[in-house]
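Next comes data-v5.pdb, with PDB, C-alpha atoms.
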```pdb
ATOM      1  CA  MET A 202      85.458  97.363  88.102
ATOM      2  CA  ASN A 203      88.457  96.968  90.426
ATOM      3  CA  ARG A 204      89.595  97.415  94.109
ATOM      4  CA  LEU A 205      92.721  98.645  96.040
ATOM      5  CA  PHE A 206      93.828  99.406  99.661
ATOM      6  CA  ASP A 207      96.212  99.700 102.893
ATOM      7  CA  ARG A 208      97.706 100.076 107.386
ATOM      8  CA  LEU A 209     101.159  99.378 112.365
ATOM      9  CA  MET A 210     104.549 100.647 115.836
ATOM     10  CA  PHE A 211     107.577 100.049 118.418
ATOM     11  CA  ARG A 212     108.308  98.442 121.770
ATOM     12  CA  ALA A 213     111.223  97.446 124.016
ATOM     13  CA  GLY A 214     112.909  94.329 125.258
ATOM     14  CA  VAL A 215     112.715  90.734 124.059
ATOM     15  CA  MET A 216     108.929  90.908 124.291
ATOM     16  CA  PRO A 217     106.871  89.955 121.255
ATOM     17  CA  VAL A 218     106.518  92.878 118.861
ATOM     18  CA  PRO A 219     103.407  93.934 116.932
ATOM     19  CA  ILE A 220     103.170  93.289 113.200
ATOM     20  CA  ALA A 221     100.455  93.181 110.652
ATOM     21  CA  GLY A 222      99.839  91.859 107.169
ATOM     22  CA  VAL A 223      97.421  93.269 104.630
ATOM     23  CA  LEU A 224      96.900  92.674 100.934
ATOM     24  CA  ALA A 225      95.238  95.441  98.953
ATOM     25  CA  LEU A 226      94.033  94.273  95.581
ATOM     26  CA  VAL A 227      93.234  96.490  92.643
ATOM     27  CA  LEU A 228      91.121  94.563  90.226
ATOM     28  CA  THR A 229      88.309  94.634  87.733
ATOM     29  CA  GLY A 230      85.182  92.670  88.473
ATOM     30  CA  THR A 231      81.640  92.477  89.757
ATOM     31  CA  ALA A 232      81.001  93.739  93.272
ATOM     32  CA  LEU A 233      78.329  92.550  95.675
ATOM     33  CA  ALA A 234      78.097  95.626  97.869
ATOM     34  CA  GLY A 235      75.783  98.501  97.138
ATOM     35  CA  GLY A 236      73.749 101.243  98.730
ATOM     36  CA  THR A 237      74.456 104.810  99.710
ATOM     37  CA  HIS A 238      77.853 106.104 100.713
ATOM     38  CA  SER A 239      77.301 109.335 102.602
ATOM     39  CA  ALA A 240      76.625 108.013 106.108
ATOM     40  CA  HIS A 241      79.961 106.307 106.780
ATOM     41  CA  GLU A 242      81.560 107.094 110.114
ATOM     42  CA  VAL A 243      85.349 107.011 110.433
ATOM     43  CA  PRO A 244      87.354 107.382 113.661
ATOM     44  CA  GLN A 245      88.567 110.958 113.891
ATOM     45  CA  LEU A 246      91.253 113.014 115.640
ATOM     46  CA  LEU A 247      90.161 116.318 117.125
ATOM     47  CA  GLY A 248      92.301 119.410 116.750
ATOM     48  CA  GLN A 249      93.459 121.991 114.243
ATOM     49  CA  PRO A 250      94.257 120.620 110.778
ATOM     50  CA  LYS A 251      97.857 120.595 109.587
ATOM     51  CA  THR A 252      97.213 119.103 106.155
ATOM     52  CA  THR A 253      97.092 120.781 102.742
ATOM     53  CA  VAL A 254      96.137 119.640  99.238
ATOM     54  CA  THR A 255      97.857 121.196  96.220
ATOM     55  CA  TYR A 256      97.382 120.808  92.470
ATOM     56  CA  GLU A 257     100.175 121.033  89.916
ATOM     57  CA  GLY A 258      99.600 119.836  86.367
ATOM     58  CA  ASN A 259      98.371 116.244  86.574
ATOM     59  CA  ARG A 260      99.499 115.821  90.184
ATOM     60  CA  VAL A 261      97.504 116.128  93.381
ATOM     61  CA  THR A 262      99.676 116.221  96.510
ATOM     62  CA  VAL A 263      98.467 115.804 100.092
ATOM     63  CA  THR A 264     101.026 117.220 102.546
ATOM     64  CA  PHE A 265     100.878 116.466 106.284
ATOM     65  CA  GLY A 266     102.516 118.503 109.030
ATOM     66  CA  PRO A 267     104.821 119.788 110.272
ATOM     67  CA  VAL A 268     104.479 117.954 113.573
ATOM     68  CA  ASP A 269     106.961 117.228 116.358
ATOM     69  CA  LEU A 270     107.631 113.534 116.969
ATOM     70  CA  PRO A 271     107.043 111.296 118.721
ATOM     71  CA  SER A 272     103.332 112.045 118.843
ATOM     72  CA  GLY A 273     100.339 110.050 120.009
ATOM     73  CA  HIS A 274      97.952 108.028 117.836
ATOM     74  CA  ASP A 275      94.227 108.649 118.015
ATOM     75  CA  GLY A 276      91.289 106.462 117.030
ATOM     76  CA  GLU A 277      91.138 103.051 115.407
ATOM     77  CA  LEU A 278      92.932 104.359 112.322
ATOM     78  CA  ALA A 279      95.861 105.486 114.521
ATOM     79  CA  ALA A 280      95.988 109.066 113.223
ATOM     80  CA  SER A 281      98.877 111.320 114.258
ATOM     81  CA  LEU A 282      97.179 114.461 112.897
ATOM     82  CA  PRO A 283      93.526 115.447 112.543
ATOM     83  CA  LYS A 284      91.814 113.784 109.589
ATOM     84  CA  HIS A 285      91.621 116.028 106.548
ATOM     85  CA  VAL A 286      88.570 116.010 104.272
ATOM     86  CA  PHE A 287      88.787 117.478 100.780
ATOM     87  CA  ALA A 288      87.139 117.211  97.370
ATOM     88  CA  LEU A 289      88.618 117.307  93.880
ATOM     89  CA  PRO A 290      87.626 120.268  91.674
ATOM     90  CA  GLU A 291      86.853 117.963  88.726
ATOM     91  CA  ASP A 292      86.615 114.273  87.826
ATOM     92  CA  MET A 293      90.069 112.695  87.819
ATOM     93  CA  THR A 294      91.567 109.224  87.341
ATOM     94  CA  MET A 295      94.551 108.200  89.461
ATOM     95  CA  VAL A 296      97.138 106.200  87.511
ATOM     96  CA  GLY A 297      99.920 106.084  90.099
ATOM     97  CA  TYR A 298     101.201 107.487  93.392
ATOM     98  CA  ARG A 299     104.262 107.999  95.553
ATOM     99  CA  SER A 300     104.995 109.051  99.134
ATOM    100  CA  ARG A 301     107.724 110.766 101.131
ATOM    101  CA  VAL A 302     108.639 111.589 104.759
ATOM    102  CA  PHE A 303     110.889 114.601 105.449
ATOM    103  CA  THR A 304     111.510 117.650 107.630
ATOM    104  CA  LYS A 305     110.086 121.122 107.081
ATOM    105  CA  ASP A 306     113.489 122.064 105.626
ATOM    106  CA  GLY A 307     113.118 119.411 102.928
ATOM    107  CA  VAL A 308     115.579 116.879 104.377
ATOM    108  CA  ASP A 309     114.447 113.289 103.766
ATOM    109  CA  LEU A 310     113.970 111.150 106.873
ATOM    110  CA  PRO A 311     114.387 107.363 107.226
ATOM    111  CA  ARG A 312     111.370 105.516 105.859
ATOM    112  CA  GLN A 313     110.884 103.926 109.300
ATOM    113  CA  TYR A 314     109.366 107.236 110.478
ATOM    114  CA  LEU A 315     106.191 106.622 108.494
ATOM    115  CA  HIS A 316     103.616 104.185 109.841
ATOM    116  CA  HIS A 317     100.958 104.740 107.203
ATOM    117  CA  ILE A 318      99.121 107.152 104.978
ATOM    118  CA  LEU A 319      95.493 106.343 104.173
ATOM    119  CA  LEU A 320      93.285 107.881 101.495
ATOM    120  CA  ILE A 321      89.583 107.163 101.985
ATOM    121  CA  ASN A 322      86.620 107.860  99.699
ATOM    122  CA  GLN A 323      83.782 108.549 102.129
ATOM    123  CA  ASP A 324      81.208 108.561  99.327
ATOM    124  CA  LYS A 325      81.974 105.065  98.052
ATOM    125  CA  ASP A 326      81.376 101.723  99.759
ATOM    126  CA  SER A 327      84.156  99.271 100.440
ATOM    127  CA  VAL A 328      83.473  95.842  98.958
ATOM    128  CA  SER A 329      85.912  94.087 101.281
ATOM    129  CA  CYS A 330      84.640  95.808 104.441
ATOM    130  CA  PRO A 331      80.824  96.054 104.368
ATOM    131  CA  GLY A 332      79.473  99.219 105.940
ATOM    132  CA  GLU A 333      82.795 101.055 105.664
ATOM    133  CA  PRO A 334      83.996 103.650 103.154
ATOM    134  CA  LEU A 335      86.545 102.721 100.510
ATOM    135  CA  PHE A 336      90.302 102.870 101.141
ATOM    136  CA  PHE A 337      91.424 103.813  97.642
ATOM    137  CA  ALA A 338      95.146 104.398  98.170
ATOM    138  CA  GLY A 339      97.821 104.268 100.826
ATOM    139  CA  ALA A 340     101.484 103.970 101.649
ATOM    140  CA  GLY A 341     103.844 103.149 104.469
ATOM    141  CA  LEU A 342     107.403 102.110 105.066
ATOM    142  CA  GLU A 343     108.004 100.873 101.514
ATOM    143  CA  MET A 344     107.453 104.245  99.744
ATOM    144  CA  THR A 345     107.835 102.521  96.372
ATOM    145  CA  GLU A 346     106.480 104.588  93.501
ATOM    146  CA  ALA A 347     103.410 102.900  92.029
ATOM    147  CA  ARG A 348     102.238 103.018  88.426
ATOM    148  CA  PHE A 349      99.177 101.093  87.260
ATOM    149  CA  PRO A 350      99.130  99.101  83.987
ATOM    150  CA  SER A 351      98.579 101.237  80.910
ATOM    151  CA  GLY A 352      94.906 101.836  80.196
ATOM    152  CA  TYR A 353      93.732 101.490  83.820
ATOM    153  CA  GLY A 354      93.141 103.849  86.709
ATOM    154  CA  VAL A 355      91.176 104.538  89.898
ATOM    155  CA  LYS A 356      88.390 107.027  89.161
ATOM    156  CA  LEU A 357      87.633 109.861  91.570
ATOM    157  CA  VAL A 358      84.560 112.026  91.054
ATOM    158  CA  LYS A 359      84.301 115.774  91.528
ATOM    159  CA  GLY A 360      82.800 116.620  94.896
ATOM    160  CA  GLN A 361      83.304 113.212  96.536
ATOM    161  CA  LYS A 362      84.393 113.514 100.166
ATOM    162  CA  LEU A 363      87.970 112.247 100.307
ATOM    163  CA  MET A 364      89.758 111.874 103.622
ATOM    164  CA  ALA A 365      93.514 111.792 104.248
ATOM    165  CA  ILE A 366      95.078 110.263 107.382
ATOM    166  CA  VAL A 367      98.721 109.981 108.440
ATOM    167  CA  ALA A 368     100.338 108.035 111.277
ATOM    168  CA  PHE A 369     103.973 108.250 112.351
ATOM    169  CA  TYR A 370     105.800 105.685 114.479
ATOM    170  CA  HIS A 371     105.741 106.039 118.251
ATOM    171  CA  GLY A 372     109.323 104.891 118.661
ATOM    172  CA  VAL A 373     111.198 107.409 116.530
ATOM    173  CA  PRO A 374     113.738 109.700 118.220
ATOM    174  CA  PRO A 375     112.523 113.195 119.128
ATOM    175  CA  THR A 376     112.382 115.086 115.833
ATOM    176  CA  LYS A 377     111.048 118.575 115.134
ATOM    177  CA  ASP A 378     108.898 119.613 112.176
ATOM    178  CA  VAL A 379     108.307 116.243 110.541
ATOM    179  CA  MET A 380     106.213 116.140 107.377
ATOM    180  CA  ALA A 381     104.902 113.526 104.968
ATOM    181  CA  SER A 382     103.386 113.735 101.520
ATOM    182  CA  PHE A 383     101.319 111.552  99.222
ATOM    183  CA  THR A 384     101.303 112.486  95.535
ATOM    184  CA  MET A 385      98.671 111.082  93.183
ATOM    185  CA  GLU A 386      99.490 111.007  89.484
ATOM    186  CA  MET A 387      96.342 111.720  87.472
ATOM    187  CA  ALA A 388      95.696 110.851  83.846
ATOM    188  CA  PRO A 389      95.616 113.799  81.415
ATOM    189  CA  LYS A 390      92.131 115.184  80.981
ATOM    190  CA  GLY A 391      90.161 113.330  78.314
ATOM    191  CA  THR A 392      92.172 110.094  78.591
ATOM    192  CA  VAL A 393      89.909 107.041  78.287
ATOM    193  CA  LEU A 394      90.754 104.464  80.970
ATOM    194  CA  GLN A 395      89.146 101.349  82.380
ATOM    195  CA  ALA A 396      88.188 101.788  86.034
ATOM    196  CA  LEU A 397      90.045  99.912  88.731
ATOM    197  CA  ASP A 398      88.660  99.412  92.203
ATOM    198  CA  VAL A 399      90.366  98.567  95.498
ATOM    199  CA  TYR A 400      90.054  95.431  97.626
ATOM    200  CA  GLN A 401      91.812  95.027 100.981
ATOM    201  CA  VAL A 402      92.805  91.740 102.555
ATOM    202  CA  GLY A 403      95.362  90.774 105.176
ATOM    203  CA  VAL A 404      96.574  88.454 107.912
ATOM    204  CA  ASN A 405      95.598  91.139 110.403
ATOM    205  CA  THR A 406      92.088  92.535 110.682
ATOM    206  CA  VAL A 407      91.840  95.138 107.931
ATOM    207  CA  CYS A 408      88.270  96.325 108.551
ATOM    208  CA  TYR A 409      88.145  98.743 111.492
ATOM    209  CA  SER A 410      84.523  97.796 112.204
ATOM    210  CA  GLN A 411      85.799  94.273 112.941
ATOM    211  CA  PHE A 412      88.552  95.334 115.363
ATOM    212  CA  PRO A 413      86.596  94.058 118.404
ATOM    213  CA  LYS A 414      86.840  90.551 116.894
ATOM    214  CA  ARG A 415      90.615  90.568 116.455
ATOM    215  CA  ARG A 416      92.720  87.663 117.657
ATOM    216  CA  ALA A 417      94.151  87.887 121.174
ATOM    217  CA  ASP A 418      97.701  88.783 120.081
ATOM    218  CA  GLU A 419      96.622  91.601 117.762
ATOM    219  CA  THR A 420      96.398  95.317 118.581
ATOM    220  CA  ASP A 421      95.762  98.464 116.560
ATOM    221  CA  GLU A 422      99.409  98.242 115.523
ATOM    222  CA  GLY A 423      99.436  94.654 114.333
ATOM    223  CA  ILE A 424     100.101  91.064 115.339
ATOM    224  CA  GLU A 425     102.809  90.207 117.848
ATOM    225  CA  VAL A 426     105.906  88.699 116.254
ATOM    226  CA  ARG A 427     108.375  86.800 118.403
ATOM    227  CA  PRO A 428     112.101  86.292 117.702
ATOM    228  CA  GLY A 429     112.794  83.604 115.115
ATOM    229  CA  VAL A 430     110.766  82.461 112.126
ATOM    230  CA  GLN A 431     107.061  83.206 112.414
ATOM    231  CA  VAL A 432     104.483  82.288 109.784
ATOM    232  CA  ASP A 433     101.048  83.894 110.037
ATOM    233  CA  ARG A 434      98.110  82.882 107.859
ATOM    234  CA  ALA A 435      94.567  84.117 107.429
ATOM    235  CA  PRO A 436      91.753  82.477 105.425
ATOM    236  CA  LEU A 437      90.013  84.662 102.888
ATOM    237  CA  THR A 438      86.800  84.575 100.881
ATOM    238  CA  PHE A 439      86.448  87.272  98.250
ATOM    239  CA  ARG A 440      83.176  89.180  98.165
ATOM    240  CA  MET A 441      83.430  89.804  94.427
ATOM    241  CA  ASP A 442      84.581  88.188  91.199
ATOM    242  CA  GLY A 443      87.391  90.101  89.555
ATOM    243  CA  CYS A 444      90.765  90.245  87.858
ATOM    244  CA  VAL A 445      93.833  91.567  89.678
ATOM    245  CA  LYS A 446      95.947  93.817  87.459
ATOM    246  CA  PHE A 447      98.263  95.412  89.987
ATOM    247  CA  ALA A 448      99.561  94.406  93.424
ATOM    248  CA  TYR A 449     101.393  96.882  95.634
ATOM    249  CA  PRO A 450     103.170  95.246  98.591
ATOM    250  CA  HIS A 451     103.548  96.896 101.954
ATOM    251  CA  GLY A 452     106.027  95.556 104.498
ATOM    252  CA  HIS A 453     108.044  96.437 107.574
ATOM    253  CA  ASP A 454     111.323  95.387 109.161
ATOM    254  CA  HIS A 455     111.962  91.624 109.288
ATOM    255  CA  VAL A 456     109.243  90.682 106.807
ATOM    256  CA  LEU A 457     110.555  87.986 104.453
ATOM    257  CA  LEU A 458     107.525  87.067 102.383
ATOM    258  CA  ILE A 459     103.964  88.177 101.636
ATOM    259  CA  ALA A 460     101.795  85.865  99.550
ATOM    260  CA  LEU A 461      98.252  85.245  98.336
ATOM    261  CA  GLU A 462      97.230  81.647  97.670
ATOM    262  CA  ASN A 463      94.210  80.008  96.073
ATOM    263  CA  ARG A 464      93.837  77.013  98.373
ATOM    264  CA  THR A 465      91.051  75.464  96.291
ATOM    265  CA  ALA A 466      93.132  75.468  93.109
ATOM    266  CA  GLN A 467      96.425  74.963  94.993
ATOM    267  CA  ARG A 468      98.019  77.944  93.251
ATOM    268  CA  THR A 469     100.229  80.753  94.506
ATOM    269  CA  LEU A 470      98.798  83.922  93.000
ATOM    270  CA  LEU A 471     101.102  86.531  94.518
ATOM    271  CA  ARG A 472     104.517  86.032  96.079
ATOM    272  CA  THR A 473     106.556  89.091  96.975
ATOM    273  CA  VAL A 474     109.935  89.175  98.741
ATOM    274  CA  PRO A 475     111.410  92.496  99.948
ATOM    275  CA  GLU A 476     114.995  93.665  99.794
ATOM    276  CA  VAL A 477     116.315  93.745 103.374
ATOM    277  CA  GLY A 478     119.546  94.646 105.106
ATOM    278  CA  GLN A 479     121.872  92.155 106.797
ATOM    279  CA  ASP A 480     120.088  92.883 110.078
ATOM    280  CA  GLY A 481     116.651  92.364 108.541
ATOM    281  CA  ALA A 482     115.830  96.059 108.228
ATOM    282  CA  PHE A 483     113.394  96.697 105.407
ATOM    283  CA  LEU A 484     114.976  98.484 102.439
ATOM    284  CA  SER A 485     112.509  98.331  99.554
ATOM    285  CA  PHE A 486     110.391  96.263  97.236
ATOM    286  CA  LEU A 487     112.304  96.047  93.963
ATOM    287  CA  PRO A 488     110.304  96.760  90.783
ATOM    288  CA  HIS A 489     109.985  93.082  89.812
ATOM    289  CA  GLN A 490     108.368  92.354  93.190
ATOM    290  CA  ILE A 491     105.429  94.647  92.413
ATOM    291  CA  TYR A 492     102.816  92.776  90.366
ATOM    292  CA  HIS A 493     101.944  94.779  87.251
ATOM    293  CA  ASN A 494     100.138  92.944  84.464
ATOM    294  CA  ALA A 495      97.346  94.161  82.171
ATOM    295  CA  GLN A 496      96.226  90.551  81.658
ATOM    296  CA  GLY A 497      96.056  89.907  85.394
ATOM    297  CA  PHE A 498      94.761  86.868  87.260
ATOM    298  CA  GLY A 499      91.239  86.031  88.361
ATOM    299  CA  VAL A 500      89.722  85.761  91.823
ATOM    300  CA  ASN A 501      86.178  84.692  92.651
ATOM    301  CA  ARG A 502      83.601  84.411  95.430
ATOM    302  CA  HIS A 503      83.614  80.607  95.498
ATOM    303  CA  ASP A 504      87.213  79.440  96.007
ATOM    304  CA  ALA A 505      89.038  79.411  99.349
ATOM    305  CA  TYR A 506      92.031  81.768  99.564
ATOM    306  CA  GLU A 507      94.722  82.443 102.152
ATOM    307  CA  VAL A 508      97.050  85.339 102.902
ATOM    308  CA  VAL A 509     100.499  84.312 104.187
ATOM    309  CA  MET A 510     103.107  86.452 105.935
ATOM    310  CA  VAL A 511     106.583  85.390 107.116
ATOM    311  CA  HIS A 512     108.792  87.339 109.548
ATOM    312  CA  TYR A 513     112.141  86.557 111.141
ATOM    313  CA  PRO A 514     113.356  88.894 113.897
ATOM    314  CA  PRO A 515     116.849  87.636 114.889
ATOM    315  CA  LEU A 516     116.957  85.411 117.972
ATOM    316  CA  HIS A 517     119.716  87.540 119.520
ATOM    317  CA  ASP A 518     118.203  90.963 118.776
ATOM    318  CA  PRO A 519     116.337  92.476 121.761
ATOM    319  CA  GLN A 520     115.315  95.589 119.820
ATOM    320  CA  PRO A 521     111.578  96.124 119.352
ATOM    321  CA  ASN A 522     110.312  95.475 115.831
ATOM    322  CA  LEU A 523     107.034  95.932 114.017
ATOM    323  CA  GLY A 524     106.039  93.743 111.135
ATOM    324  CA  TRP A 525     103.532  94.454 108.432
ATOM    325  CA  GLY A 526     102.692  92.731 105.180
ATOM    326  CA  THR A 527     100.254  94.141 102.666
ATOM    327  CA  ILE A 528      99.753  94.197  98.916
ATOM    328  CA  TYR A 529      97.709  96.753  97.021
ATOM    329  CA  SER A 530      96.402  95.154  93.906
ATOM    330  CA  MET A 531      94.124  96.289  91.124
TER     331      MET A 531
END
```
Any chance you could put this one into structure tokens?
Amino acid sequence: MNRLFDRLMFRAGVMPVPIAGVLALVLTGTALAGGTHSAHEVPQLLGQPKTTVTYEGNRVTVTFGPVDLPSGHDGELAASLPKHVFALPEDMTMVGYRSRVFTKDGVDLPRQYLHHILLINQDKDSVSCPGEPLFFAGAGLEMTEARFPSGYGVKLVKGQKLMAIVAFYHGVPPTKDVMASFTMEMAPKGTVLQALDVYQVGVNTVCYSQFPKRRADETDEGIEVRPGVQVDRAPLTFRMDGCVKFAYPHGHDHVLLIALENRTAQRTLLRTVPEVGQDGAFLSFLPHQIYHNAQGFGVNRHDAYEVVMVHYPPLHDPQPNLGWGTIYSM
């Protein structure tokens, strides 16, 4: 089996700015967690839903909005709109996904408008976050189209309670009728695929049930990043043995590096570097920076691992910045 995942904001002045780093792994392996999945509680936003789910061929698209920005965030998952629960009409296997942020008129907006999109399976346990439901897909600033290795996919069962959450940045200029979408590519019916599962790790606290134990400089939106080079590290022990087949990075402005290391074996397992502008603005993760390998690499419950994230907001730049570093791997 295998695991995947994903989650950030703005401020003013030369003050430290929030950032976060998460690594979502999609891998095959043996999980430790078990039990029932129907009693999970997830922070919610009250109000009228503004989210729709549409089906076209082998695509399932979740569309959020329109909403006028800036808008507030609610709950520990920082939702900008009410959470939306839906169920698929039949068993499906996700083999890829892509995201978009735009206006109601169809005009694309800068990627910096989107904080995160989260897709949660409320009827399946998370291995990385005991007692929580599974984050099975997500996106943010990077908006890089993802495609899993041939022969693999994330299985979704008919009737499972799936929840979609979107968060937009606080600091965007006033903008009317903003929308976002998350499109899941499904395998053609009858295709035989090996199941991938999702595992989430990060420099920041990725499990919302553990938010009260976060470090002093961390908020719902991430870890404070000061001007100049900043290296953040977090130790990691995997709760399952598995093989990572796919790694989807997630980063924000001024991130220079996201990495996963096996400290016991002294090996760098993942090392991704984004394309950035001259001012450090995040542009994209180029295709060769997204790990995609049917052979994969192994992780286990016994070795010591570490997630590493490097940011560099310019010393002379007083503008607020938010950093984030994540990788979705399978």
Open item on the list: Take the PyMOL selection byres ((chain A and resi 428-433) around 6), run it mentally on this structure, and tell me the resulting residues as a VMD selection string.
Closed with: chain A and resid 427 434 509 to 516
- [ ] Decode the PyMOL selection byres ((chain A and resi 299) around 8) for the given file into explicit residues and return them as a list in words.
- [x]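 In the shown coordinates, the PyMOL selection byres ((chain A and resi 299) around 8) covers Gly297, Tyr298, Ser300, Arg301, Ala340, Met344, Thr345, Glu346, Ala347, Phe383, Thr384 and Met385 of chain A.
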TODO: Around the point (93.2, 110.3, 105.0), in the coordinates given by the file, pick out the residues reaching within 7 Å, counting all atoms listed in the file, and return them as a list in words.
DONE: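 Answer for this query, in the requested form: Lys284, His285, Ile318, Leu319, Leu320, Ile321, Met364, Ala365, Ile366 and Val367 of chain A.
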Please provide the set of residues having any atom within 9 Å of Ser410 (chain A), restricted to all atoms listed in the file, with same-chain residues fewer than 2 positions apart removed, written as a PDB file with C-alpha atoms, in the coordinates of the input.
```pdb
ATOM      1  CA  CYS A 330      84.640  95.808 104.441  1.00  0.00           C
ATOM      2  CA  PRO A 331      80.824  96.054 104.368  1.00  0.00           C
ATOM      3  CA  GLY A 332      79.473  99.219 105.940  1.00  0.00           C
ATOM      4  CA  GLU A 333      82.795 101.055 105.664  1.00  0.00           C
ATOM      5  CA  VAL A 407      91.840  95.138 107.931  1.00  0.00           C
ATOM      6  CA  CYS A 408      88.270  96.325 108.551  1.00  0.00           C
ATOM      7  CA  PHE A 412      88.552  95.334 115.363  1.00  0.00           C
ATOM      8  CA  PRO A 413      86.596  94.058 118.404  1.00  0.00           C
ATOM      9  CA  LYS A 414      86.840  90.551 116.894  1.00  0.00           C
TER      10      LYS A 414
END
```
Region 292-411 of chain A residues near region 499-503 of chain A within 12 Å, closest pair each, using all atoms listed in the file, as a tab-separated table:
```
residue	atom	partner	partner_atom	distance
A:Val328	CA	A:Arg502	CA	12.0
A:Ser329	CA	A:Arg502	CA	11.5
A:Tyr400	CA	A:Val500	CA	11.3
```
TODO: Excluding Asn322 (chain A) and residues on its chain fewer than 2 positions from it, collect all residues at most 10 Å away from it, counting only C-alpha atoms, and give them as a PyMOL selection string.
DONE: chain A and resi 238-239+241+286-288+320+324-327+333-338+357-358+361-365
Open item on the list: Given the PyMOL selection byres ((chain A and resi 310-317) around 8) and the file above, list the residues it selects as a count of residues only.
Closed with: 23
Open item on the list: Quick check, in Å to one decimal: how far apart do CA of Lys446 (chain A) and CA of Tyr492 (chain A) lie?
Closed with: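 So the two atoms, CA of Lys446 (chain A) and CA of Tyr492 (chain A), lie 7.5 Å apart.
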Task: Distance criterion (all atoms listed in the file): nearest to His493 (chain A) out of A:Ser272, A:Thr392, A:Ser351, A:Thr465 - done: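 Ranking A:Ser272, A:Thr392, A:Ser351, A:Thr465 by distance to His493 (chain A), first place goes to A:Ser351.
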TODO: For CA of Pro375 (chain A) and CA of Val268 (chain A), quote the distance in Å rounded to one decimal.
DONE: 10.9 Å
Task: Shell around region 477-489 of chain A at 6 Å using all atoms listed in the file, local window under 3 positions removed, as a PyMOL selection string - done: chain A and resi 343+453-455
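Of the listed residues (A:Val263, A:Asp306, A:Gly273, A:Thr406), A:Thr406 comes nearest to Thr420 (chain A); the distances count only C-alpha atoms.
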TODO: Find the spatial neighbours of Ala417 (chain A), counting only C-alpha atoms, within a cut-off of 12 Å - ignore same-chain residues fewer than 5 positions away - and output them as number ranges by chain.
DONE: A: 219, 405-406, 412, 423-425
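All polymer residues at most 10 Å from (100.1, 116.7, 89.8), using all atoms listed in the file, appear as Thr255, Tyr256, Glu257, Gly258, Asn259, Arg260, Val261, Thr262, Tyr298, Thr384, Met385, Glu386, Met387, Ala388 and Pro389 of chain A.
For the pair CA of Arg440 (chain A) and CA of Asn494 (chain A), the interatomic distance is 22.1 Å.
For the set A:Ala396, A:Ala460, A:Ala280, A:Ala466, the residue with the smallest atom-to-atom gap to Ala505 (chain A) is A:Ala466, counting only C-alpha atoms.
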- [ ] Measuring atom to atom with all atoms listed in the file, identify which of A:Gly497, A:Pro283, A:Pro271, A:Gly452 is nearest to Pro475 (chain A).
- [x] A:Gly452
Would you compute, for all listed atoms of region 375-394 of chain A, the axis-aligned bounding box grown by 3 Å on each side, and then report its centre and edge lengths in Å rounded to one decimal, as lines of an AutoDock Vina configuration file?
```
center_x = 101.2
center_y = 112.0
center_z = 98.7
size_x = 28.6
size_y = 21.1
size_z = 46.8
```
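Using all atoms listed in the file, the shortest contact distance between Asp442 (chain A) and any of A:Gln490, A:Gly372, A:Asp504, A:Val393 is found at A:Asp504.
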